[in-house]
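Participant: File follows, target.cif with mmCIF, C-alpha atoms:
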```cif
data_query
#
loop_
_atom_site.label_atom_id
_atom_site.label_comp_id
_atom_site.auth_asym_id
_atom_site.auth_seq_id
_atom_site.Cartn_x
_atom_site.Cartn_y
_atom_site.Cartn_z
CA MET U 1 -115.99 38.20 43.68
CA SER U 2 -112.44 37.58 42.44
CA ALA U 3 -110.73 39.95 39.99
CA PHE U 4 -110.79 37.10 37.47
CA ARG U 5 -114.55 36.70 37.74
CA GLN U 6 -115.06 40.43 37.52
CA SER U 7 -113.16 40.63 34.27
CA VAL U 8 -115.13 37.66 32.91
CA GLU U 9 -118.40 39.26 33.94
CA ALA U 10 -117.47 42.56 32.31
CA MET U 11 -117.06 40.71 29.01
CA ILE U 12 -120.53 39.11 28.90
CA PRO U 13 -122.23 41.90 26.87
CA ALA U 14 -119.48 41.91 24.22
CA LEU U 15 -119.46 38.10 24.06
CA ARG U 16 -123.21 38.12 23.49
CA ARG U 17 -122.83 40.64 20.68
CA TYR U 18 -120.11 38.59 19.00
CA ALA U 19 -122.02 35.32 19.43
CA ARG U 20 -125.23 36.80 18.03
CA ALA U 21 -123.46 38.00 14.90
CA LEU U 22 -121.56 34.72 14.62
CA ALA U 23 -124.45 32.32 15.14
CA ARG U 24 -127.37 34.48 14.03
CA ASP U 25 -129.95 32.65 16.19
CA ALA U 26 -130.36 34.39 19.57
CA ASP U 27 -130.85 31.18 21.58
CA ILE U 28 -127.89 29.40 20.02
CA ALA U 29 -125.80 32.53 20.58
CA ASP U 30 -126.61 32.66 24.29
CA ASP U 31 -125.97 28.90 24.55
CA LEU U 32 -122.51 29.56 23.14
CA VAL U 33 -121.91 32.34 25.65
CA GLN U 34 -123.15 30.13 28.49
CA ASP U 35 -120.83 27.28 27.48
CA THR U 36 -117.97 29.76 27.15
CA LEU U 37 -118.55 31.11 30.66
CA VAL U 38 -118.87 27.63 32.17
CA ARG U 39 -115.59 26.61 30.57
CA ALA U 40 -113.86 29.79 31.64
CA LEU U 41 -115.00 29.45 35.24
CA ARG U 42 -114.00 25.80 35.30
CA SER U 43 -110.49 26.69 34.13
CA GLU U 44 -110.10 29.65 36.45
CA ARG U 45 -107.18 28.02 38.21
CA LEU U 46 -105.52 27.15 34.90
CA PHE U 47 -105.60 30.75 33.77
CA LEU U 48 -102.15 32.15 34.51
CA GLY U 49 -102.64 35.80 33.77
CA GLY U 50 -102.72 37.25 30.28
CA ASP U 51 -105.61 38.74 28.41
CA VAL U 52 -108.98 37.42 29.66
CA ARG U 53 -110.72 39.10 26.74
CA SER U 54 -108.76 37.29 24.01
CA TRP U 55 -109.03 34.06 25.93
CA LEU U 56 -112.84 34.27 26.12
CA TYR U 57 -113.11 35.09 22.41
CA THR U 58 -110.89 32.07 21.72
CA ILE U 59 -113.14 29.71 23.71
CA LEU U 60 -116.28 31.01 22.04
CA THR U 61 -114.77 30.86 18.54
CA ASN U 62 -113.67 27.25 19.09
CA LEU U 63 -117.00 26.20 20.57
CA ASN U 64 -118.77 27.60 17.55
CA LYS U 65 -116.40 25.80 15.22
CA ASN U 66 -117.12 22.49 17.00
CA ARG U 67 -120.82 23.16 16.94
CA ARG U 68 -120.75 23.79 13.22
CA ARG U 69 -118.62 20.73 12.63
CA SER U 70 -121.19 18.57 14.40
CA LEU U 71 -123.90 20.14 12.25
CA ALA U 72 -121.90 19.84 9.04
CA ARG U 73 -123.33 16.47 8.02
CA ARG U 74 -126.89 17.63 8.40
CA PRO U 75 -128.60 19.70 5.76
CA GLN U 76 -128.38 23.40 6.48
CA PHE U 77 -131.69 25.14 6.97
CA MET U 78 -131.98 28.76 6.11
CA PRO U 79 -135.14 30.71 6.87
CA LEU U 80 -137.08 31.23 3.65
CA SER U 81 -137.55 34.83 4.53
CA ASP U 82 -137.21 36.93 7.62
CA ASN U 83 -138.73 39.93 5.93
CA ASN U 84 -140.60 42.22 8.20
CA PRO U 85 -142.78 44.55 6.16
CA ASP U 86 -142.70 47.16 8.90
CA ALA U 87 -138.94 47.23 9.10
CA SER U 88 -137.42 50.68 8.97
CA GLY U 89 -134.37 51.46 6.87
CA THR U 90 -131.90 50.56 9.62
CA GLU U 91 -133.72 47.34 10.40
CA ALA U 92 -133.65 46.38 6.75
CA GLU U 93 -129.93 47.10 6.65
CA GLY U 94 -129.42 45.01 9.78
CA ARG U 95 -131.28 42.16 8.15
CA ASP U 96 -129.16 42.42 5.04
CA ILE U 97 -125.90 42.42 6.97
CA ALA U 98 -127.04 39.36 8.95
CA ARG U 99 -127.86 37.57 5.71
CA ALA U 100 -124.56 38.58 4.14
CA LEU U 101 -122.67 37.29 7.21
CA ALA U 102 -124.49 33.98 6.96
CA THR U 103 -123.06 33.40 3.49
CA LEU U 104 -119.44 33.65 4.71
CA VAL U 105 -117.41 30.59 5.60
CA GLU U 106 -116.86 30.19 9.32
CA GLU U 107 -113.23 31.38 9.58
CA GLN U 108 -113.87 34.46 7.47
CA ARG U 109 -116.94 35.43 9.46
CA ALA U 110 -115.03 35.13 12.73
CA VAL U 111 -112.15 37.29 11.45
CA LEU U 112 -114.49 39.94 10.08
CA LEU U 113 -116.46 40.18 13.34
CA LEU U 114 -113.46 40.09 15.66
CA VAL U 115 -111.77 42.91 13.73
CA MET U 116 -114.71 45.07 12.66
CA LEU U 117 -117.22 44.55 15.46
CA GLU U 118 -115.09 43.65 18.47
CA GLY U 119 -112.10 45.81 17.54
CA LEU U 120 -109.39 43.21 18.05
CA SER U 121 -105.95 43.59 16.47
CA TYR U 122 -104.73 41.33 13.66
CA ARG U 123 -102.22 39.87 16.10
CA GLU U 124 -104.95 38.96 18.63
CA VAL U 125 -107.12 37.38 15.93
CA ALA U 126 -104.12 35.39 14.65
CA ASP U 127 -103.62 34.00 18.17
CA ILE U 128 -107.33 33.24 18.57
CA GLN U 129 -107.46 31.29 15.32
CA GLY U 130 -103.97 29.85 15.68
CA VAL U 131 -102.84 31.03 12.24
CA PRO U 132 -100.22 33.51 10.91
CA ILE U 133 -101.15 37.19 10.58
CA GLY U 134 -100.98 36.89 6.80
CA THR U 135 -103.80 34.33 6.91
CA VAL U 136 -105.91 36.66 9.04
CA MET U 137 -105.39 39.46 6.53
CA SER U 138 -106.32 37.37 3.53
CA ARG U 139 -109.41 36.03 5.32
CA LEU U 140 -110.41 39.58 6.21
CA ALA U 141 -109.92 40.82 2.63
CA ARG U 142 -111.99 37.97 1.23
CA ALA U 143 -114.72 38.43 3.85
CA ARG U 144 -115.00 42.15 3.13
CA ALA U 145 -115.19 41.63 -0.61
CA HIS U 146 -117.82 38.92 -0.16
CA VAL U 147 -120.02 40.94 2.20
CA LYS U 148 -119.74 44.02 0.01
CA ALA U 149 -120.87 42.03 -3.02
CA ALA U 150 -123.69 40.41 -1.05
CA LEU U 151 -124.95 43.76 0.24
CA GLU U 152 -124.84 45.36 -3.18
CA GLY U 153 -126.39 42.37 -4.90
CA GLU U 154 -129.29 42.27 -2.51
CA ARG U 155 -130.59 45.73 -3.10
CA PRO U 156 -130.08 46.46 -6.78
CA ALA U 157 -133.22 48.59 -6.87
CA LEU U 158 -131.73 51.14 -4.52
CA ARG U 159 -128.69 51.52 -6.71
CA ARG U 160 -130.66 52.23 -9.82
CA VAL U 161 -132.60 55.10 -8.32
CA LYS U 162 -131.67 58.37 -10.02
CA MET O 1 -100.14 65.45 -6.02
CA THR O 2 -97.87 62.57 -7.07
CA ASP O 3 -98.18 58.93 -6.12
CA PRO O 4 -95.97 57.79 -3.25
CA LYS O 5 -92.86 56.00 -4.46
CA ILE O 6 -94.03 52.57 -3.31
CA PRO O 7 -97.48 51.57 -4.58
CA VAL O 8 -100.05 50.91 -1.85
CA THR O 9 -101.13 47.27 -1.60
CA GLU O 10 -104.55 45.81 -0.90
CA ASP O 11 -103.30 44.64 2.52
CA GLU O 12 -102.25 48.17 3.34
CA LEU O 13 -105.69 49.53 2.53
CA HIS O 14 -107.21 47.10 5.03
CA ALA O 15 -104.55 47.86 7.61
CA TYR O 16 -105.23 51.57 7.11
CA VAL O 17 -108.95 51.18 7.86
CA ASP O 18 -108.24 48.95 10.86
CA ASN O 19 -105.59 51.27 12.33
CA GLU O 20 -102.92 48.62 11.88
CA LEU O 21 -100.75 50.65 9.53
CA PRO O 22 -97.44 52.10 10.81
CA ALA O 23 -97.94 55.83 11.39
CA GLU O 24 -95.25 56.82 8.87
CA ARG O 25 -97.12 55.11 6.03
CA ARG O 26 -100.53 56.69 6.69
CA GLY O 27 -99.72 59.84 4.76
CA ASP O 28 -98.70 57.78 1.71
CA VAL O 29 -101.96 55.84 1.81
CA GLU O 30 -104.04 58.98 2.13
CA ALA O 31 -102.28 60.49 -0.87
CA TRP O 32 -102.83 57.26 -2.80
CA LEU O 33 -106.56 57.26 -1.96
CA ALA O 34 -106.91 60.83 -3.16
CA ALA O 35 -105.32 59.83 -6.46
CA HIS O 36 -107.23 56.54 -6.81
CA PRO O 37 -110.95 57.18 -6.24
CA GLU O 38 -111.86 53.52 -6.78
CA ASP O 39 -109.72 52.48 -3.84
CA GLY O 40 -111.12 55.44 -1.91
CA GLN O 41 -114.62 54.18 -2.59
CA ARG O 42 -113.69 50.69 -1.36
CA VAL O 43 -112.20 52.03 1.85
CA GLN O 44 -115.36 54.06 2.33
CA SER O 45 -117.54 50.97 1.82
CA TRP O 46 -115.59 49.07 4.50
CA ARG O 47 -116.14 51.89 6.96
CA ALA O 48 -119.85 51.91 6.15
CA MET O 49 -119.89 48.12 6.65
CA ALA O 50 -118.42 48.53 10.14
CA GLU O 51 -121.07 51.13 10.96
CA THR O 52 -123.83 48.82 9.76
CA LEU O 53 -122.43 45.99 11.90
CA HIS O 54 -122.40 48.19 14.98
CA ALA O 55 -125.86 49.56 14.23
CA ARG O 56 -127.19 46.00 14.04
CA TYR O 57 -125.32 44.27 16.89
CA ASP O 58 -124.36 46.87 19.52
CA GLN O 59 -127.93 46.68 20.82
CA VAL O 60 -127.26 43.07 21.87
CA ALA O 61 -124.46 44.26 24.13
CA ASN O 62 -126.82 46.82 25.65
CA GLU O 63 -129.56 44.32 26.49
CA PRO O 64 -129.75 43.27 30.13
CA VAL O 65 -127.79 40.03 30.59
CA PRO O 66 -130.22 37.06 30.76
CA LYS O 67 -130.45 35.32 34.11
CA ARG O 68 -129.03 32.08 32.79
CA LEU O 69 -125.74 33.84 32.03
CA GLU O 70 -125.23 35.20 35.53
CA LEU O 71 -121.95 33.89 36.88
CA GLU O 72 -123.49 33.06 40.25
CA ARG O 73 -125.79 30.57 38.55
CA LEU O 74 -123.02 28.99 36.54
CA VAL O 75 -120.69 28.33 39.43
CA ARG O 76 -121.30 24.86 40.82
CA PRO O 77 -122.30 24.91 44.47
CA PRO O 78 -120.16 22.86 46.86
CA ARG O 79 -121.43 19.31 47.23
CA LYS O 80 -122.61 19.31 50.80
CA TRP O 81 -125.09 16.57 50.03
CA VAL O 82 -122.45 13.83 49.90
CA TYR O 83 -122.05 14.17 53.64
CA GLY O 84 -125.81 14.24 54.06
CA ALA O 85 -126.08 11.00 52.12
CA MET O 86 -123.35 9.40 54.19
CA ALA O 87 -125.03 10.46 57.39
CA ALA O 88 -128.33 9.07 56.13
CA SER O 89 -126.88 5.68 55.29
CA LEU O 90 -125.04 5.59 58.60
CA LEU O 91 -128.24 6.31 60.46
CA ALA O 92 -130.10 3.65 58.52
CA PHE O 93 -127.25 1.24 59.11
CA ILE O 94 -127.46 1.82 62.83
CA ALA O 95 -131.22 1.42 62.68
CA GLY O 96 -130.43 -1.88 60.98
CA GLY O 97 -133.08 -4.53 60.98
CA GLY O 98 -135.20 -5.00 57.91
CA THR O 99 -133.63 -2.13 55.99
CA GLY O 100 -130.14 -3.56 56.20
CA TRP O 101 -130.34 -5.60 53.02
CA VAL O 102 -131.88 -2.77 51.07
CA LEU O 103 -128.96 -0.52 51.86
CA HIS O 104 -126.40 -3.15 51.17
CA GLY O 105 -126.64 -2.66 47.42
CA ALA O 106 -126.60 1.09 47.69
CA THR O 107 -123.64 1.38 50.02
CA ALA O 108 -121.66 -1.04 47.88
CA LYS O 109 -122.22 1.29 44.94
CA PRO O 110 -122.24 4.80 46.35
CA SER O 111 -121.81 6.21 42.84
CA THR O 112 -125.38 5.35 41.88
CA PHE O 113 -126.97 7.73 44.30
CA GLN O 114 -124.28 10.30 43.70
CA SER O 115 -124.29 10.38 39.91
CA PHE O 116 -128.05 10.09 39.73
CA THR O 117 -128.84 12.96 42.00
CA ASP O 118 -126.08 14.99 40.44
CA ASP O 119 -127.37 14.46 36.90
CA ALA O 120 -130.96 15.05 37.92
CA LEU O 121 -130.20 18.28 39.79
CA ASP O 122 -128.02 19.52 36.92
CA ALA O 123 -130.92 18.96 34.53
CA HIS O 124 -133.33 20.49 37.02
CA ARG O 125 -131.29 23.67 37.38
CA LEU O 126 -130.63 23.90 33.66
CA TYR O 127 -134.25 23.67 32.53
CA VAL O 128 -136.19 25.14 35.42
CA VAL O 129 -134.97 28.64 34.50
CA GLU O 130 -135.97 28.17 30.85
CA VAL O 131 -138.91 30.33 29.93
CA ARG O 132 -139.28 29.65 26.24
CA HIS O 133 -138.11 26.04 25.86
CA PRO O 134 -138.35 24.18 29.16
CA VAL O 135 -139.52 20.95 27.49
CA GLU O 136 -139.45 19.15 24.15
CA VAL O 137 -142.99 17.77 24.29
CA PRO O 138 -145.66 19.86 26.01
CA GLY O 139 -147.90 18.51 28.77
CA SER O 140 -150.93 18.93 26.53
CA GLU O 141 -149.62 15.86 24.66
CA ARG O 142 -149.34 13.68 27.75
CA ALA O 143 -150.19 10.38 26.03
CA HIS O 144 -147.68 10.95 23.25
CA LEU O 145 -145.05 12.08 25.74
CA GLN O 146 -145.41 8.92 27.84
CA GLN O 147 -145.41 6.69 24.78
CA TRP O 148 -142.35 8.35 23.29
CA LEU O 149 -140.30 8.34 26.48
CA THR O 150 -141.30 4.74 27.25
CA LYS O 151 -140.17 3.68 23.80
CA ARG O 152 -136.85 5.52 24.00
CA CYS O 153 -136.03 4.66 27.61
CA GLY O 154 -137.14 1.04 27.68
CA TRP O 155 -139.16 1.14 30.89
CA ASP O 156 -142.66 2.44 31.56
CA VAL O 157 -142.39 6.20 31.79
CA PHE O 158 -145.52 7.47 33.44
CA ALA O 159 -146.34 11.14 33.99
CA PRO O 160 -148.21 11.25 37.31
CA GLU O 161 -151.15 13.57 37.97
CA LEU O 162 -149.96 15.97 40.66
CA GLY O 163 -152.97 18.28 40.59
CA ALA O 164 -153.71 17.46 44.23
CA THR O 165 -150.49 19.23 45.23
CA GLY O 166 -151.22 22.16 42.92
CA LEU O 167 -148.83 21.05 40.15
CA LYS O 168 -149.59 20.84 36.45
CA LEU O 169 -147.52 18.95 33.87
CA VAL O 170 -145.47 21.38 31.74
CA GLY O 171 -144.07 18.55 29.60
CA GLY O 172 -140.96 16.47 29.26
CA ARG O 173 -137.77 15.72 27.42
CA LEU O 174 -135.32 12.93 26.77
CA LEU O 175 -131.87 13.31 28.33
CA PRO O 176 -128.62 11.36 28.36
CA GLY O 177 -128.51 9.52 31.70
CA PRO O 178 -125.77 7.71 33.62
CA ASN O 179 -126.58 4.34 31.97
CA GLY O 180 -128.31 5.26 28.71
CA PRO O 181 -131.35 7.46 28.20
CA ALA O 182 -133.18 9.30 30.97
CA SER O 183 -136.65 10.81 31.07
CA PHE O 184 -137.28 14.27 32.47
CA LEU O 185 -140.73 15.63 33.35
CA MET O 186 -141.46 19.14 34.53
CA TYR O 187 -144.38 20.33 36.66
CA GLU O 188 -145.39 23.83 37.59
CA SER O 189 -147.71 25.43 40.12
CA ALA O 190 -149.87 28.51 39.57
CA SER O 191 -147.25 30.57 41.40
CA GLY O 192 -144.47 29.40 39.06
CA GLU O 193 -142.88 26.92 41.49
CA ARG O 194 -141.32 24.10 39.43
CA PHE O 195 -140.65 20.44 40.23
CA THR O 196 -138.98 17.89 37.99
CA VAL O 197 -139.14 14.10 37.90
CA TYR O 198 -136.08 12.37 36.47
CA THR O 199 -135.84 8.63 35.79
CA ALA O 200 -132.98 6.51 34.49
CA LYS O 201 -131.84 2.91 34.62
CA ALA O 202 -130.25 2.05 37.96
CA SER O 203 -127.97 -0.82 38.84
CA THR O 204 -129.50 -1.20 42.30
CA GLY O 205 -132.84 -2.93 42.54
CA THR O 206 -134.85 -1.13 45.20
CA THR O 207 -133.79 1.42 47.78
CA GLN O 208 -135.34 3.74 50.30
CA MET O 209 -135.94 7.41 49.62
CA ARG O 210 -133.02 9.68 50.28
CA PHE O 211 -133.15 13.42 50.66
CA THR O 212 -130.47 15.90 49.65
CA THR O 213 -130.17 19.66 49.13
CA GLN O 214 -127.91 21.75 46.96
CA ASP O 215 -128.28 25.46 47.53
CA LYS O 216 -131.94 26.36 47.06
CA ASP O 217 -132.82 23.04 45.45
CA GLY O 218 -133.82 19.82 47.12
CA ALA O 219 -134.01 16.30 45.70
CA LEU O 220 -135.45 12.96 46.76
CA PHE O 221 -133.95 9.84 45.24
CA TRP O 222 -135.13 6.24 45.24
CA THR O 223 -134.93 3.24 43.00
CA ASP O 224 -137.69 0.84 42.26
CA ARG O 225 -137.29 -2.37 40.24
CA GLY O 226 -134.15 -1.21 38.45
CA VAL O 227 -135.34 2.31 37.69
CA GLY O 228 -133.97 5.29 39.63
CA TYR O 229 -136.24 8.26 40.39
CA VAL O 230 -135.19 11.74 41.43
CA VAL O 231 -137.83 14.33 42.31
CA SER O 232 -136.22 17.78 42.44
CA GLY O 233 -137.67 21.08 43.49
CA SER O 234 -138.04 23.15 46.60
CA SER O 235 -135.55 22.49 49.38
CA ASP O 236 -138.52 22.56 51.76
CA ARG O 237 -138.40 18.94 52.74
CA GLU O 238 -142.03 18.60 53.67
CA ARG O 239 -143.25 20.01 50.38
CA LEU O 240 -140.81 17.89 48.41
CA THR O 241 -141.80 14.74 50.29
CA GLN O 242 -145.47 15.46 49.63
CA VAL O 243 -144.79 15.68 45.88
CA ALA O 244 -142.42 12.70 45.80
CA ARG O 245 -144.87 10.55 47.77
CA MET O 246 -147.53 11.23 45.18
CA VAL O 247 -145.13 10.39 42.33
CA TYR O 248 -144.13 7.20 44.14
CA ASP O 249 -147.71 6.07 44.81
CA GLN O 250 -148.81 6.62 41.24
CA THR O 251 -145.80 5.04 39.54
CA GLU O 252 -146.17 2.11 41.93
CA LYS O 253 -149.72 1.58 40.73
CA ASN O 254 -148.84 2.04 37.06
CA GLY O 255 -145.32 0.71 36.94
CA GLY O 256 -144.13 -2.62 35.63
#
```
Please rewrite the model in this file as structure tokens.

Facilitator:
Amino acid sequence: MSAFRQSVEAMIPALRRYARALARDADIADDLVQDTLVRALRSERLFLGGDVRSWLYTILTNLNKNRRRSLARRPQFMPLSDNNPDASGTEAEGRDIARALATLVEEQRAVLLLVMLEGLSYREVADIQGVPIGTVMSRLARARAHVKAALEGERPALRRVK
Amino acid sequence: MTDPKIPVTEDELHAYVDNELPAERRGDVEAWLAAHPEDGQRVQSWRAMAETLHARYDQVANEPVPKRLELERLVRPPRKWVYGAMAASLLAFIAGGGTGWVLHGATAKPSTFQSFTDDALDAHRLYVVEVRHPVEVPGSERAHLQQWLTKRCGWDVFAPELGATGLKLVGGRLLPGPNGPASFLMYESASGERFTVYTAKASTGTTQMRFTTQDKDGALFWTDRGVGYVVSGSSDRERLTQVARMVYDQTEKNGG
């Protein structure tokens, strides 16, 4: 296997993590990863060095944007409830964070996840989204404020406990 | 402790948490946070948010990678079958006689066979590995499936009974084909062996059966009264021919 393919392969777990947080639905997320890999492999010869990691995140982010654009005219369906009565504390927190992410606009969600979950630098995220660093920072600030409010708003009972 | 000379901005708080702040400014920010507990609480909440994200999503990265994402599966195999098809037509051409006219149409339009088999095998490979959603309409709704596909495709889509070869109908789906819609039916044996039957509108009237293989998959292609058929499955030619023959016989009886 070529060095290029090896570095693509090494990124599959992280791409799946990012896609799952970005798209929420596990099947859609893996579809996004699959399309990303197919595109990457197809363009192997066009890839003239550089950072494979950033490049893969860029493809996936763009594919998701296109997917959402094609869905934009249809009504958005949200699950009425994905409550699991047996969920432990961490599971409940995971559910809340997923729900909070779902309320973010697309660009803000991508910035938040690329920085906080995938550990990319502001510069890398600016290149991925094709915007200035200042835009990345304001998107990140807004996303953090929004998620914080969503998390706190969802569990008021816990905050009132003495 | 006094505030640093320059007030710390919101952007700097974020940069501090994300390790994007120049080292010489970190001390200032830490002093500021100590003096401004509300900002300290915000910074703390962002760190907790990152932990929650990792707690929820790192497990995805630790799952085994699903088969459909293996690079080996995603790399297109070389198209050896083009040569096979050429050899087959050449042989038939030499054989000549009654088959000559049949092949005339096909050789004049080599793209039909090529794009058909290509599309059908792509669909075959894509859906045969699906465990949860191999089809849109399950085989238990055979009548509805046939009716729906017939209506959408515009020709009689018939799901043959392949029980005699040990295959049961899993179901079917509608696909985009080379010239409009295409129907796609999936069959499965008790041992999990899967065959698919793909039909789409063809520009050639009627042709002979042609066999091709790509990697582990084999396909038999023919057209009948303007409809192209591709039966894909095992590259074992005898087994594939047995299945395709049964599909052919039954669609012949039911078709048109």

Participant: Considering only C-alpha atoms, can you say which of O:Ser183, O:His36, O:Val43, O:Val128 comes closest to Leu13 (chain O)?

Facilitator: O:Val43

Participant: Report as a list in words the set of chain O residues whose atoms approach chain U to within 8 Å, with distances computed over only C-alpha atoms.

Facilitator: Asp11, His14, Asp18, Glu20, Ser45, Trp46, Met49, Ala50, Thr52, Leu53, His54, Ala55, Arg56, Tyr57, Asp58, Gln59, Val60, Ala61, Asn62, Glu63, Val65, Arg68, Leu69, Leu71, Leu74 and Val75 of chain O

Participant: Okay, now the selection with C-alpha atoms, as a short mmCIF file (atom, residue, chain, number, x, y, z; two decimals), in the frame of the given file?

Facilitator:
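Listed below is the output, again03.cif:
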```
data_model
loop_
_atom_site.label_atom_id
_atom_site.label_comp_id
_atom_site.auth_asym_id
_atom_site.auth_seq_id
_atom_site.Cartn_x
_atom_site.Cartn_y
_atom_site.Cartn_z
CA ASP O 11 -103.30 44.64 2.52
CA HIS O 14 -107.21 47.10 5.03
CA ASP O 18 -108.24 48.95 10.86
CA GLU O 20 -102.92 48.62 11.88
CA SER O 45 -117.54 50.97 1.82
CA TRP O 46 -115.59 49.07 4.50
CA MET O 49 -119.89 48.12 6.65
CA ALA O 50 -118.42 48.53 10.14
CA THR O 52 -123.83 48.82 9.76
CA LEU O 53 -122.43 45.99 11.90
CA HIS O 54 -122.40 48.19 14.98
CA ALA O 55 -125.86 49.56 14.23
CA ARG O 56 -127.19 46.00 14.04
CA TYR O 57 -125.32 44.27 16.89
CA ASP O 58 -124.36 46.87 19.52
CA GLN O 59 -127.93 46.68 20.82
CA VAL O 60 -127.26 43.07 21.87
CA ALA O 61 -124.46 44.26 24.13
CA ASN O 62 -126.82 46.82 25.65
CA GLU O 63 -129.56 44.32 26.49
CA VAL O 65 -127.79 40.03 30.59
CA ARG O 68 -129.03 32.08 32.79
CA LEU O 69 -125.74 33.84 32.03
CA LEU O 71 -121.95 33.89 36.88
CA LEU O 74 -123.02 28.99 36.54
CA VAL O 75 -120.69 28.33 39.43
#
```

Participant: For this structure, which residues satisfy the selection - the PyMOL selection byres ((chain U and resi 55-64) around 9) - when it is evaluated on the file as given? I want them as a PyMOL selection string.

Facilitator: chain U and resi 8+11+15+18-19+22-23+32-33+35-37+39-40+50-54+65-69+106+110+114+125+127-129

Participant: What does the distance between CA of Glu188 (chain O) and CA of Lys67 (chain O) come to in Å, to one decimal place?

Facilitator: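 Taking CA of Glu188 (chain O) and CA of Lys67 (chain O), their separation equals 19.2 Å.
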
Participant: Work out how far apart CA of Thr206 (chain O) and CA of Ala244 (chain O) are and give it in Å to one decimal.

Facilitator: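 Separation between CA of Thr206 (chain O) and CA of Ala244 (chain O): 15.8 Å.
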
Participant: Work out how far CA of Leu175 (chain O) is from CA of Trp222 (chain O), in Å to one decimal.

Facilitator: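 Those two atoms sit 18.6 Å apart.
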
Participant: Given the choices O:His144, O:Arg194, O:Thr117, O:His133, which gets closest to Phe221 (chain O) if the distance is worked out from only C-alpha atoms?

Facilitator: O:Thr117

Participant: Report as an mmCIF file with C-alpha atoms, keeping the file's coordinate frame the residues that result from applying the PyMOL selection byres ((chain O and resi 231) around 7) to the structure here.

Facilitator:
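Okay, expr-v5.cif is ready:
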```
data_model
loop_
_atom_site.group_PDB
_atom_site.id
_atom_site.type_symbol
_atom_site.label_atom_id
_atom_site.label_comp_id
_atom_site.auth_asym_id
_atom_site.auth_seq_id
_atom_site.Cartn_x
_atom_site.Cartn_y
_atom_site.Cartn_z
ATOM 1 C CA THR O 196 -138.980 17.890 37.990
ATOM 2 C CA VAL O 197 -139.140 14.100 37.900
ATOM 3 C CA TYR O 198 -136.080 12.370 36.470
ATOM 4 C CA ALA O 219 -134.010 16.300 45.700
ATOM 5 C CA LEU O 220 -135.450 12.960 46.760
ATOM 6 C CA PHE O 221 -133.950 9.840 45.240
ATOM 7 C CA TYR O 229 -136.240 8.260 40.390
ATOM 8 C CA VAL O 230 -135.190 11.740 41.430
ATOM 9 C CA SER O 232 -136.220 17.780 42.440
ATOM 10 C CA GLY O 233 -137.670 21.080 43.490
ATOM 11 C CA ALA O 244 -142.420 12.700 45.800
#
```

Participant: Counting only C-alpha atoms, I want the residues whose atoms come within 10 Å of (-153.3, 28.7, 41.8) in the file frame, returned as a ChimeraX atom specification.

Facilitator: /O:166-167,189-192
